[in-house]
Amino acid sequence: MTTDNYLELSQVAITFPTPKGPFLALQDVNLKIAKGEFISVIGHSGCGKSTVLNIVAGLHQATTGGVILEGKEVTEPGPDRAVVFQNHSLLPWLTAYENVELAVKRVFGKKKSKQEIAQWVEHNLGLVHMEHAMHKRPHEISGGMKQRVGIARALAMEPKVLLMDEPFGALDALTRAHMQDSLMEIQNRLNNTVIMVTHDVDEAVLLSDRIVMMNQGPGATIGEILKIDLPRPRDRVTLAETPEYNHYRAAVLQFLYAKKHASAKPAVKSEAVEETAEPEPGLVSLEEHKKKKFG
Amino acid sequence: MNSQTATIPKAGDLARNWISKWLADSNPVATLKDMSFNLGVPLLALVAFCLLWAGVASKVQTSLGQLPGPTMVWGQAMTLYQEHKAEREKEAAFYERQEQRNAEKLAADPNADVKIRPYTGKPTFIDQIKTSLFTVATGFLLAALIAIPVGIVCGLNSGLYRAFNPLIQIFKPVSPLAWLPIVTMVVSALYVSDDPMFSKSYLNSAITVMLCCVWPTIINTTVGVASVDKDLLNVSRVLRLSWFTNVIKIVIPSAIPMIFTGLRVSLGIGWMVLIAAEMLAQNPGLGKFVWDEFQNGSSDSLARIMAAVFTIGIIGFLLDRIMLGIQRWVSWDKAANLR
Ligand SMILES: Nc1ncnc2c1ncn2[C@@H]1O[C@H](COP(=O)(O)OP(=O)(O)O)[C@@H](O)[C@H]1O
Ligand SMILES: [Mg+2]
C-alpha cells in the first residue's frame, strides 16, 4: 500500500434501472487518492457527482469496477467513510449534542468511557464552533449551524475518508465563505482525506489539492484532473489577486464552459436538467404511489 | 457548557422571568382584543345557537311533548347529577345500616356469621359515563397495542404491506353494528368462566371498539414508517446501526407524528362506535342510557337524551384535546400546525 494509493476507484461504472430501461450514469471512472488529500469533484448538475460519492460511501454499488480503501474493497456503507449530506440530515428529534453523540457511541461506544465520549462529542462540536448551541434541536438553529453539526458528526467518527456532498450548497454566500474558512482551518489541524462534491468554482480552487472535473452524462466520466499548487494556509482575499489563483479558476471555468458547448446537443442538455429537477424519478413516484394508496 | 454540571434554574427565578417577560411583551389593548376574539366570538356563536334552538324547539311537538329547549336540557342535566348524588347517599346509608346491624350481631354473639351484601342500585348517569370511558379506553389501548407494531412491520416490509393491505382496506369500512353480533357470539363461546373478571357486555363493547379503531392507526403508522426521510436512513446505514437500533432510533421517532395522527383518528372513531355498540347490545354505558330513556318515553326523556348527547359530544371533544396535547408533546416536528 503506497501513500498515493490510499483510496482507489478503478473502472467504476453504474447503471440505474429506470422505468424507461437501464440508465448508464457513470462509466470508466478511475481515480487514485493519497492519504490526507483534499479532492473536489466538480461538474454540471446531474453529471453523476453524488453518485461517485455514494459509491465510495458504499450507499450505491458499482455495477462494474470497484472502490478500494487501504487495500480493502468497499462493499457496504460504514463509519470509516463518513458522509456530510447536502441537507444536513440531522435527526430532528435530537439536539446537536445528541446527534453527534449517536455517531460517537456507535463508533467508540466500546473503546471510550462515558466521560471520554462526552468530551469527544464536545471537542468535535468545538471544532466547528458550535459549543454555544450544543443543546439546541435542528429546527432551532440556522442552516449554516446545522451543516456545522453535520460536519462535527462526521469528523467525530474519525473516518478514513470524509465524504461531503455539496455541503455548503444550500447556504448564502457569506455563510458559505465562513464555512469554507472553518473547513480549511480544521483540515490544517486534522489533515483528513476528503472528497467534496461542489458546483462552486471558487470553493473548489480554494479548498482542494486536486480538482476532478466531470463530463456530462449519460455515461459520465472524469474529464480532467487539475492539481492546485497553492501554498497553505490559503487566504481567500490575498489569493483572489494572485495570477496563479486566477489561472486555476479560469482553467476550471474553461473546462465547464467549453465542455458544455462541446456536447451542446440541446436534447441531451434538457434531459439532464429535467433529471436534476427530480433526482430519483423512480423512487419519488413510488412513494407518492404508496401515499395515494394509503390515503 | 457541560450537560452534567449545568445548574438547574430555580422555579422562583423561572416564574419571575416569565412574569417580567410577559409584562414586557404584553400590550394591554392588543391583549384585550385578542381575548375578545378568542373567547368572545365562540361565546357569541354559542348564544346564537341556543337562541335558534330555543326558537325551533318551541315549534316542534312530539308524541312526548314539546321538543326541549336549552333551559329544559340544562335542568335535566342538573337533575341527572342530583340523582347521582342521591343514589350515592342511599348507597352509603345502605352500607352503614349493614355495618351497624353486623356490629350489633357481633356484640350479642362474637361468633356470629356476618356478611356485607353489595348495593344493587340502578347505575346513574355518572356511572354510565364512567363505564363508557373505561370501555373505550380498553378498546382503544388494545387497538393501539395491535396497530402500532403491525403498522411498523408493514411500513418496513413492502411484501408484508402488500399482503395485509387488501385485508385492511376490506375491514376498514365495516360498521360496528356488523361486528357486534359476531363479537357477541365469539365472546359467549370462548369466554366461559364461573367467576368472570370482566362482564361479557364490557368485553363485547371493548372488542367492537377495538375492531373499528385499529385501522386508522395501522394505516397512518405504515405511511409514517414507509416515508422516513431517505437521508436519515442513509445516516443509519453509514453508522451501520443494527436493525433493531435503526427501528428504535430512526424509524419510530420519524413516524411518531403520523402514529399520533392515526391514534387521534382512532380514538374519535372508537368513541362514536362505543355509543352505537352500547345502544344496540344493551351494554352498560351512555349508549344504554340513551336507549333506556327512549324506551322509557316519559315527558323528561327527550331532555335527558339531549343532555346525554351534549355529554357525549363534550367528552369526545375532550378526548381529542387530550390526544392533541400528547401529540404536541411528543412531536419533534414543531413546524407542523397541529389542530
Ligand atoms: N437511484 C437512481 N435511480 C435512477 N437514476 C439515478 C439514481 N441516482 C442518480 N440517478 C441519475 O444519475 C445521474 C447522476 O445523478 P447525480 O449523481 O445525483 O448527479 P449530480 O450529483 O452530479 O447532480 C442523473 O442523471 C440521475 O438522474
Ligand atoms: Mg448531487
# chains A, B, ... in the order shown; residues from 1 in each chain; ligands from 1

$ select_by_dssp --residues "region 37-160 of chain A" --states "helix (DSSP H, G or I)" --output "number ranges by chain"
A: 49-57, 96-108, 114-127, 131-133, 138-140, 143-156

$ residues_around --residues "Pro138 (chain A)" --least-positions-apart "3" --cutoff "7 Å" --atoms "only C-alpha atoms" --output "JSON list (two decimals) with C-alpha atoms, in the first residue's frame"
[["chain", "number", "residue", "atom", "x", "y", "z"],
["A", 90, "LEU", "CA", -29.58, 15.61, 11.37],
["A", 92, "PRO", "CA", -34.70, 16.42, 14.04],
["A", 95, "THR", "CA", -30.18, 18.02, 19.91],
["A", 96, "ALA", "CA", -26.92, 18.87, 18.17],
["A", 141, "ILE", "CA", -30.56, 26.68, 14.60],
["A", 146, "LYS", "CA", -26.94, 22.59, 11.03]]

$ closest_residue --among "A:Glu203, A:Asp181, A:Glu122, A:Asp165" --to "chain B" --atoms "only C-alpha atoms"
A:Glu122

$ residues_near_ligand --ligand "ligand 2" --cutoff "9 Å" --atoms "only C-alpha atoms and all ligand atoms" --output "short mmCIF file (atom, residue, chain, number, x, y, z; two decimals) with C-alpha atoms, in the first residue's frame"
data_model
loop_
_atom_site.label_atom_id
_atom_site.label_comp_id
_atom_site.auth_asym_id
_atom_site.auth_seq_id
_atom_site.Cartn_x
_atom_site.Cartn_y
_atom_site.Cartn_z
CA SER A 45 -25.87 19.21 -12.32
CA GLY A 46 -26.85 15.63 -12.96
CA CYS A 47 -23.48 14.51 -14.26
CA GLY A 48 -23.05 11.96 -11.51
CA LYS A 49 -21.02 13.68 -8.79
CA SER A 50 -23.26 12.48 -5.98
CA THR A 51 -23.29 9.03 -7.50
CA LEU A 53 -19.56 9.92 -3.74
CA GLN A 86 -26.25 18.22 1.36
CA ASP A 165 -21.90 16.20 -0.98
CA GLU A 166 -22.27 19.91 -1.75
CA VAL A 197 -18.66 17.46 -4.32
CA THR A 198 -19.26 21.06 -5.32
CA THR A 276 -31.85 17.11 -11.77
CA PRO A 279 -33.24 13.39 -8.90
#

$ atom_distance --atom1 "CA of Glu131 (chain A)" --atom2 "CA of Ala103 (chain A)"
17.3 Å

$ atom_distance --atom1 "CA of Ser58 (chain B)" --atom2 "CA of Phe294 (chain B)"
20.3 Å

$ closest_residue --among "B:Lys230, B:Cys154, B:Lys249, B:Ser242" --to "ligand 1" --atoms "only C-alpha atoms and all ligand atoms"
B:Lys230

$ interface_residues --of "chain B" --to "chain A" --cutoff "7 Å" --atoms "only C-alpha atoms" --output "list in words"
Ile219, Val223, Asp231, Leu232, Arg237, Val238, Leu239, Arg240 and Trp332 of chain B

$ write_last_selection --atoms "all heavy atoms" --output "PDB file, in the first residue's frame"
ATOM      1  N   ILE B 219     -52.879   2.215   9.318  1.00  0.00           N
ATOM      2  CA  ILE B 219     -52.590   2.870   8.043  1.00  0.00           C
ATOM      3  C   ILE B 219     -51.630   4.025   8.229  1.00  0.00           C
ATOM      4  O   ILE B 219     -50.631   4.152   7.516  1.00  0.00           O
ATOM      5  CB  ILE B 219     -53.904   3.335   7.381  1.00  0.00           C
ATOM      6  CG1 ILE B 219     -54.721   2.113   6.955  1.00  0.00           C
ATOM      7  CG2 ILE B 219     -53.624   4.208   6.171  1.00  0.00           C
ATOM      8  CD1 ILE B 219     -56.134   2.404   6.575  1.00  0.00           C
ATOM      9  N   VAL B 223     -47.765   4.415   6.766  1.00  0.00           N
ATOM     10  CA  VAL B 223     -47.319   5.535   5.920  1.00  0.00           C
ATOM     11  C   VAL B 223     -46.143   6.250   6.578  1.00  0.00           C
ATOM     12  O   VAL B 223     -45.136   6.541   5.925  1.00  0.00           O
ATOM     13  CB  VAL B 223     -48.482   6.532   5.684  1.00  0.00           C
ATOM     14  CG1 VAL B 223     -47.983   7.764   4.960  1.00  0.00           C
ATOM     15  CG2 VAL B 223     -49.585   5.872   4.882  1.00  0.00           C
ATOM     16  N   ASP B 231     -32.509  10.301   3.526  1.00  0.00           N
ATOM     17  CA  ASP B 231     -31.214  10.751   4.037  1.00  0.00           C
ATOM     18  C   ASP B 231     -30.971  10.221   5.450  1.00  0.00           C
ATOM     19  O   ASP B 231     -29.858   9.859   5.801  1.00  0.00           O
ATOM     20  CB  ASP B 231     -31.150  12.285   4.053  1.00  0.00           C
ATOM     21  CG  ASP B 231     -30.844  12.833   2.668  1.00  0.00           C
ATOM     22  OD1 ASP B 231     -30.339  12.061   1.834  1.00  0.00           O
ATOM     23  OD2 ASP B 231     -31.112  14.019   2.434  1.00  0.00           O
ATOM     24  N   LEU B 232     -32.037  10.205   6.255  1.00  0.00           N
ATOM     25  CA  LEU B 232     -31.873   9.701   7.619  1.00  0.00           C
ATOM     26  C   LEU B 232     -31.567   8.214   7.600  1.00  0.00           C
ATOM     27  O   LEU B 232     -30.765   7.719   8.396  1.00  0.00           O
ATOM     28  CB  LEU B 232     -33.133   9.986   8.442  1.00  0.00           C
ATOM     29  CG  LEU B 232     -33.480  11.458   8.635  1.00  0.00           C
ATOM     30  CD1 LEU B 232     -34.629  11.610   9.620  1.00  0.00           C
ATOM     31  CD2 LEU B 232     -32.289  12.259   9.107  1.00  0.00           C
ATOM     32  N   ARG B 237     -27.409   3.857   7.738  1.00  0.00           N
ATOM     33  CA  ARG B 237     -26.582   2.867   7.035  1.00  0.00           C
ATOM     34  C   ARG B 237     -25.099   3.173   7.218  1.00  0.00           C
ATOM     35  O   ARG B 237     -24.295   2.265   7.418  1.00  0.00           O
ATOM     36  CB  ARG B 237     -26.930   2.872   5.540  1.00  0.00           C
ATOM     37  CG  ARG B 237     -28.268   2.211   5.227  1.00  0.00           C
ATOM     38  CD  ARG B 237     -28.601   2.288   3.743  1.00  0.00           C
ATOM     39  NE  ARG B 237     -27.703   1.495   2.933  1.00  0.00           N
ATOM     40  CZ  ARG B 237     -27.576   1.642   1.610  1.00  0.00           C
ATOM     41  NH1 ARG B 237     -28.270   2.578   0.981  1.00  0.00           N
ATOM     42  NH2 ARG B 237     -26.754   0.876   0.944  1.00  0.00           N
ATOM     43  N   VAL B 238     -24.741   4.475   7.130  1.00  0.00           N
ATOM     44  CA  VAL B 238     -23.333   4.839   7.299  1.00  0.00           C
ATOM     45  C   VAL B 238     -22.860   4.466   8.713  1.00  0.00           C
ATOM     46  O   VAL B 238     -21.745   3.989   8.899  1.00  0.00           O
ATOM     47  CB  VAL B 238     -23.129   6.346   7.034  1.00  0.00           C
ATOM     48  CG1 VAL B 238     -21.755   6.794   7.505  1.00  0.00           C
ATOM     49  CG2 VAL B 238     -23.302   6.646   5.553  1.00  0.00           C
ATOM     50  N   LEU B 239     -23.743   4.656   9.689  1.00  0.00           N
ATOM     51  CA  LEU B 239     -23.377   4.297  11.068  1.00  0.00           C
ATOM     52  C   LEU B 239     -23.476   2.794  11.310  1.00  0.00           C
ATOM     53  O   LEU B 239     -23.118   2.309  12.375  1.00  0.00           O
ATOM     54  CB  LEU B 239     -24.292   5.034  12.051  1.00  0.00           C
ATOM     55  CG  LEU B 239     -24.063   6.533  12.174  1.00  0.00           C
ATOM     56  CD1 LEU B 239     -25.101   7.167  13.089  1.00  0.00           C
ATOM     57  CD2 LEU B 239     -22.674   6.814  12.721  1.00  0.00           C
ATOM     58  N   ARG B 240     -23.966   2.071  10.336  1.00  0.00           N
ATOM     59  CA  ARG B 240     -24.185   0.623  10.456  1.00  0.00           C
ATOM     60  C   ARG B 240     -24.983   0.299  11.709  1.00  0.00           C
ATOM     61  O   ARG B 240     -24.612  -0.580  12.486  1.00  0.00           O
ATOM     62  CB  ARG B 240     -22.856  -0.134  10.499  1.00  0.00           C
ATOM     63  CG  ARG B 240     -22.233  -0.299   9.145  1.00  0.00           C
ATOM     64  CD  ARG B 240     -21.277  -1.478   9.119  1.00  0.00           C
ATOM     65  NE  ARG B 240     -20.392  -1.328   7.971  1.00  0.00           N
ATOM     66  CZ  ARG B 240     -19.086  -1.548   8.008  1.00  0.00           C
ATOM     67  NH1 ARG B 240     -18.505  -1.944   9.114  1.00  0.00           N
ATOM     68  NH2 ARG B 240     -18.368  -1.380   6.934  1.00  0.00           N
ATOM     69  N   TRP B 332     -41.673  16.042  17.465  1.00  0.00           N
ATOM     70  CA  TRP B 332     -40.456  16.817  17.286  1.00  0.00           C
ATOM     71  C   TRP B 332     -40.661  17.826  16.169  1.00  0.00           C
ATOM     72  O   TRP B 332     -39.892  18.752  16.005  1.00  0.00           O
ATOM     73  CB  TRP B 332     -39.279  15.899  16.934  1.00  0.00           C
ATOM     74  CG  TRP B 332     -39.633  14.860  15.916  1.00  0.00           C
ATOM     75  CD1 TRP B 332     -40.048  13.583  16.178  1.00  0.00           C
ATOM     76  CD2 TRP B 332     -39.651  15.006  14.503  1.00  0.00           C
ATOM     77  NE1 TRP B 332     -40.321  12.928  15.017  1.00  0.00           N
ATOM     78  CE2 TRP B 332     -40.084  13.771  13.963  1.00  0.00           C
ATOM     79  CE3 TRP B 332     -39.344  16.043  13.626  1.00  0.00           C
ATOM     80  CZ2 TRP B 332     -40.222  13.563  12.587  1.00  0.00           C
ATOM     81  CZ3 TRP B 332     -39.486  15.819  12.272  1.00  0.00           C
ATOM     82  CH2 TRP B 332     -39.919  14.594  11.770  1.00  0.00           C
TER      83      TRP B 332
END

$ closest_residue --among "A:Lys160, A:Arg232, A:Lys112, A:His44" --to "ligand 1" --atoms "only C-alpha atoms and all ligand atoms"
A:His44

$ closest_residue --among "B:Gly313, B:Gly55, B:Pro123, B:Pro68" --to "Arg88 (chain B)" --atoms "only C-alpha atoms"
B:Pro123

$ closest_residue --among "A:Val67, A:Ile55, A:Val212, A:Leu207" --to "Pro231 (chain A)" --atoms "only C-alpha atoms"
A:Leu207

$ closest_residue --among "A:Ile39, A:Met196, A:Leu127, A:Met145" --to "Pro167 (chain A)" --atoms "only C-alpha atoms"
A:Met196

$ atom_distance --atom1 "CA of Thr124 (chain B)" --atom2 "CA of Met272 (chain B)"
20.9 Å

$ residues_around --residues "region 143-151 of chain B" --least-positions-apart "3" --cutoff "9 Å" --atoms "only C-alpha atoms" --output "PyMOL selection string"
chain B and resi 138-140+154-156+161+207+209-225+259+263+266

$ write_last_selection --atoms "N, CA, C and O atoms" --output "mmCIF file, in the first residue's frame"
data_model
loop_
_atom_site.group_PDB
_atom_site.id
_atom_site.type_symbol
_atom_site.label_atom_id
_atom_site.label_comp_id
_atom_site.auth_asym_id
_atom_site.auth_seq_id
_atom_site.Cartn_x
_atom_site.Cartn_y
_atom_site.Cartn_z
ATOM 1 N N THR B 138 -60.245 0.821 27.155
ATOM 2 C CA THR B 138 -59.773 -0.545 26.938
ATOM 3 C C THR B 138 -59.663 -0.858 25.448
ATOM 4 O O THR B 138 -58.629 -1.339 24.974
ATOM 5 N N GLY B 139 -60.745 -0.572 24.722
ATOM 6 C CA GLY B 139 -60.746 -0.889 23.290
ATOM 7 C C GLY B 139 -59.662 -0.137 22.546
ATOM 8 O O GLY B 139 -58.947 -0.705 21.711
ATOM 9 N N PHE B 140 -59.506 1.129 22.897
ATOM 10 C CA PHE B 140 -58.515 1.970 22.212
ATOM 11 C C PHE B 140 -57.097 1.493 22.512
ATOM 12 O O PHE B 140 -56.259 1.389 21.613
ATOM 13 N N CYS B 154 -45.528 -3.409 8.600
ATOM 14 C CA CYS B 154 -45.998 -3.179 7.223
ATOM 15 C C CYS B 154 -45.204 -2.061 6.542
ATOM 16 O O CYS B 154 -44.932 -2.126 5.346
ATOM 17 N N GLY B 155 -44.870 -1.037 7.325
ATOM 18 C CA GLY B 155 -44.136 0.077 6.740
ATOM 19 C C GLY B 155 -42.717 -0.310 6.360
ATOM 20 O O GLY B 155 -42.161 0.201 5.393
ATOM 21 N N LEU B 156 -42.135 -1.223 7.130
ATOM 22 C CA LEU B 156 -40.751 -1.609 6.867
ATOM 23 C C LEU B 156 -40.654 -2.596 5.718
ATOM 24 O O LEU B 156 -39.678 -2.630 4.989
ATOM 25 N N TYR B 161 -46.682 -5.496 3.599
ATOM 26 C CA TYR B 161 -47.691 -4.468 3.350
ATOM 27 C C TYR B 161 -48.652 -4.924 2.274
ATOM 28 O O TYR B 161 -49.867 -4.799 2.400
ATOM 29 N N ILE B 207 -64.166 -4.920 22.537
ATOM 30 C CA ILE B 207 -63.609 -5.584 21.345
ATOM 31 C C ILE B 207 -64.186 -4.955 20.075
ATOM 32 O O ILE B 207 -63.477 -4.773 19.079
ATOM 33 N N VAL B 209 -65.124 -1.851 19.765
ATOM 34 C CA VAL B 209 -64.392 -0.585 19.627
ATOM 35 C C VAL B 209 -63.023 -0.851 19.005
ATOM 36 O O VAL B 209 -62.604 -0.193 18.054
ATOM 37 N N MET B 210 -62.345 -1.851 19.522
ATOM 38 C CA MET B 210 -61.012 -2.158 19.012
ATOM 39 C C MET B 210 -61.057 -2.487 17.520
ATOM 40 O O MET B 210 -60.255 -1.965 16.744
ATOM 41 N N LEU B 211 -62.012 -3.335 17.136
ATOM 42 C CA LEU B 211 -62.076 -3.754 15.731
ATOM 43 C C LEU B 211 -62.302 -2.567 14.799
ATOM 44 O O LEU B 211 -61.866 -2.575 13.656
ATOM 45 N N CYS B 212 -63.015 -1.562 15.297
ATOM 46 C CA CYS B 212 -63.298 -0.429 14.422
ATOM 47 C C CYS B 212 -62.188 0.606 14.445
ATOM 48 O O CYS B 212 -62.061 1.385 13.504
ATOM 49 N N CYS B 213 -61.399 0.637 15.507
ATOM 50 C CA CYS B 213 -60.431 1.732 15.561
ATOM 51 C C CYS B 213 -58.984 1.313 15.382
ATOM 52 O O CYS B 213 -58.090 2.139 15.460
ATOM 53 N N VAL B 214 -58.724 0.042 15.056
ATOM 54 C CA VAL B 214 -57.322 -0.300 14.733
ATOM 55 C C VAL B 214 -56.884 0.268 13.401
ATOM 56 O O VAL B 214 -55.711 0.586 13.211
ATOM 57 N N TRP B 215 -57.807 0.386 12.451
ATOM 58 C CA TRP B 215 -57.393 0.628 11.062
ATOM 59 C C TRP B 215 -56.704 1.962 10.836
ATOM 60 O O TRP B 215 -55.636 1.987 10.214
ATOM 61 N N PRO B 216 -57.255 3.073 11.303
ATOM 62 C CA PRO B 216 -56.540 4.348 11.038
ATOM 63 C C PRO B 216 -55.121 4.346 11.590
ATOM 64 O O PRO B 216 -54.209 4.873 10.948
ATOM 65 N N THR B 217 -54.937 3.747 12.757
ATOM 66 C CA THR B 217 -53.588 3.741 13.328
ATOM 67 C C THR B 217 -52.656 2.859 12.502
ATOM 68 O O THR B 217 -51.512 3.221 12.243
ATOM 69 N N ILE B 218 -53.154 1.706 12.067
ATOM 70 C CA ILE B 218 -52.310 0.841 11.217
ATOM 71 C C ILE B 218 -51.894 1.609 9.966
ATOM 72 O O ILE B 218 -50.713 1.666 9.612
ATOM 73 N N ILE B 219 -52.879 2.215 9.318
ATOM 74 C CA ILE B 219 -52.590 2.870 8.043
ATOM 75 C C ILE B 219 -51.630 4.025 8.229
ATOM 76 O O ILE B 219 -50.631 4.152 7.516
ATOM 77 N N ASN B 220 -51.888 4.872 9.216
ATOM 78 C CA ASN B 220 -51.012 6.031 9.418
ATOM 79 C C ASN B 220 -49.610 5.619 9.861
ATOM 80 O O ASN B 220 -48.628 6.224 9.443
ATOM 81 N N THR B 221 -49.523 4.612 10.701
ATOM 82 C CA THR B 221 -48.203 4.144 11.129
ATOM 83 C C THR B 221 -47.433 3.614 9.920
ATOM 84 O O THR B 221 -46.245 3.912 9.745
ATOM 85 N N THR B 222 -48.113 2.846 9.088
ATOM 86 C CA THR B 222 -47.452 2.299 7.901
ATOM 87 C C THR B 222 -46.918 3.423 7.019
ATOM 88 O O THR B 222 -45.758 3.393 6.598
ATOM 89 N N VAL B 223 -47.765 4.415 6.766
ATOM 90 C CA VAL B 223 -47.319 5.535 5.920
ATOM 91 C C VAL B 223 -46.143 6.250 6.578
ATOM 92 O O VAL B 223 -45.136 6.541 5.925
ATOM 93 N N GLY B 224 -46.268 6.499 7.875
ATOM 94 C CA GLY B 224 -45.194 7.191 8.595
ATOM 95 C C GLY B 224 -43.878 6.439 8.501
ATOM 96 O O GLY B 224 -42.833 7.029 8.237
ATOM 97 N N VAL B 225 -43.940 5.139 8.682
ATOM 98 C CA VAL B 225 -42.713 4.340 8.660
ATOM 99 C C VAL B 225 -42.156 4.241 7.231
ATOM 100 O O VAL B 225 -40.947 4.316 7.027
ATOM 101 N N ILE B 259 -47.993 8.426 13.610
ATOM 102 C CA ILE B 259 -48.611 7.458 14.514
ATOM 103 C C ILE B 259 -49.667 8.170 15.358
ATOM 104 O O ILE B 259 -50.787 7.684 15.523
ATOM 105 N N LEU B 263 -53.638 7.685 15.874
ATOM 106 C CA LEU B 263 -54.245 7.395 17.173
ATOM 107 C C LEU B 263 -55.399 8.353 17.469
ATOM 108 O O LEU B 263 -56.421 7.961 18.020
ATOM 109 N N SER B 266 -58.294 7.289 15.502
ATOM 110 C CA SER B 266 -58.805 6.042 16.079
ATOM 111 C C SER B 266 -59.650 6.301 17.321
ATOM 112 O O SER B 266 -60.725 5.729 17.481
#

$ residues_around --residues "region 187-190 of chain A" --least-positions-apart "2" --cutoff "12 Å" --atoms "only C-alpha atoms" --output "PyMOL selection string"
chain A and resi 35-38+124+127-128+151+155-156+158-162+180-185+192-194+207-209+231-234

$ write_last_selection --atoms "N, CA and C atoms" --output "tab-separated table (two decimals), in the first residue's frame"
chain	number	residue	atom	x	y	z
A	35	LYS	N	-3.44	9.64	0.92
A	35	LYS	CA	-3.88	9.92	2.29
A	35	LYS	C	-3.68	11.41	2.59
A	36	GLY	N	-4.68	12.02	3.17
A	36	GLY	CA	-4.57	13.42	3.55
A	36	GLY	C	-4.85	14.39	2.42
A	37	GLU	N	-5.26	13.85	1.28
A	37	GLU	CA	-5.51	14.73	0.14
A	37	GLU	C	-6.93	15.30	0.20
A	38	PHE	N	-7.09	16.51	-0.29
A	38	PHE	CA	-8.42	17.12	-0.38
A	38	PHE	C	-8.80	17.19	-1.85
A	124	ASN	N	-15.55	17.86	19.29
A	124	ASN	CA	-15.85	17.98	17.87
A	124	ASN	C	-16.83	19.11	17.57
A	127	LEU	N	-14.77	22.11	17.46
A	127	LEU	CA	-14.04	22.28	16.19
A	127	LEU	C	-14.82	23.12	15.19
A	128	VAL	N	-16.15	22.92	15.18
A	128	VAL	CA	-16.97	23.65	14.22
A	128	VAL	C	-17.62	24.87	14.87
A	151	ILE	N	-21.03	18.31	9.97
A	151	ILE	CA	-19.58	18.12	9.79
A	151	ILE	C	-18.97	17.58	11.09
A	155	LEU	N	-16.79	14.30	11.47
A	155	LEU	CA	-15.42	14.35	12.00
A	155	LEU	C	-15.27	13.48	13.24
A	156	ALA	N	-16.32	13.47	14.07
A	156	ALA	CA	-16.25	12.75	15.34
A	156	ALA	C	-16.10	11.25	15.12
A	158	GLU	N	-14.00	9.97	13.24
A	158	GLU	CA	-12.61	9.77	12.80
A	158	GLU	C	-12.54	8.88	11.56
A	159	PRO	N	-13.19	9.31	10.49
A	159	PRO	CA	-13.26	8.45	9.32
A	159	PRO	C	-11.92	8.42	8.59
A	160	LYS	N	-11.73	7.35	7.81
A	160	LYS	CA	-10.55	7.31	6.94
A	160	LYS	C	-10.73	8.32	5.82
A	161	VAL	N	-11.95	8.38	5.32
A	161	VAL	CA	-12.25	9.34	4.26
A	161	VAL	C	-13.49	10.13	4.67
A	162	LEU	N	-13.43	11.44	4.48
A	162	LEU	CA	-14.59	12.28	4.76
A	162	LEU	C	-15.24	12.62	3.43
A	180	GLN	N	-16.27	27.67	4.63
A	180	GLN	CA	-15.07	27.23	3.91
A	180	GLN	C	-13.82	27.52	4.73
A	181	ASP	N	-13.78	28.70	5.33
A	181	ASP	CA	-12.63	29.05	6.17
A	181	ASP	C	-12.51	28.08	7.35
A	182	SER	N	-13.67	27.80	7.99
A	182	SER	CA	-13.66	26.85	9.10
A	182	SER	C	-13.11	25.51	8.64
A	183	LEU	N	-13.60	25.07	7.49
A	183	LEU	CA	-13.21	23.75	6.99
A	183	LEU	C	-11.70	23.70	6.73
A	184	MET	N	-11.15	24.80	6.16
A	184	MET	CA	-9.71	24.85	5.89
A	184	MET	C	-8.93	24.80	7.20
A	185	GLU	N	-9.44	25.50	8.18
A	185	GLU	CA	-8.77	25.52	9.48
A	185	GLU	C	-8.75	24.12	10.10
A	192	ASN	N	-7.35	15.41	7.14
A	192	ASN	CA	-8.20	14.31	6.70
A	192	ASN	C	-8.08	14.07	5.21
A	193	THR	N	-8.45	12.86	4.78
A	193	THR	CA	-8.63	12.60	3.36
A	193	THR	C	-10.08	12.97	3.04
A	194	VAL	N	-10.25	13.88	2.09
A	194	VAL	CA	-11.59	14.42	1.85
A	194	VAL	C	-11.95	14.33	0.38
A	207	LEU	N	-10.13	25.26	-1.75
A	207	LEU	CA	-10.01	24.19	-0.75
A	207	LEU	C	-9.14	23.02	-1.19
A	208	SER	N	-9.05	22.78	-2.51
A	208	SER	CA	-8.59	21.46	-2.96
A	208	SER	C	-7.09	21.36	-3.17
A	209	ASP	N	-6.62	20.11	-3.08
A	209	ASP	CA	-5.31	19.77	-3.61
A	209	ASP	C	-5.44	19.42	-5.10
A	231	PRO	N	0.12	27.46	-1.99
A	231	PRO	CA	0.60	27.18	-0.64
A	231	PRO	C	-0.53	27.28	0.39
A	232	ARG	N	-0.41	26.51	1.45
A	232	ARG	CA	-1.36	26.59	2.55
A	232	ARG	C	-0.65	27.19	3.75
A	233	PRO	N	-1.32	27.81	4.67
A	233	PRO	CA	-2.75	28.10	4.64
A	233	PRO	C	-3.11	29.13	3.56
A	234	ARG	N	-4.31	28.96	3.04
A	234	ARG	CA	-4.74	29.85	1.96
A	234	ARG	C	-5.69	30.89	2.51

$ residues_around --residues "Val237 (chain A)" --least-positions-apart "4" --cutoff "12 Å" --atoms "only C-alpha atoms" --output "PyMOL selection string"
chain A and resi 177+181+202+206+241-242+245
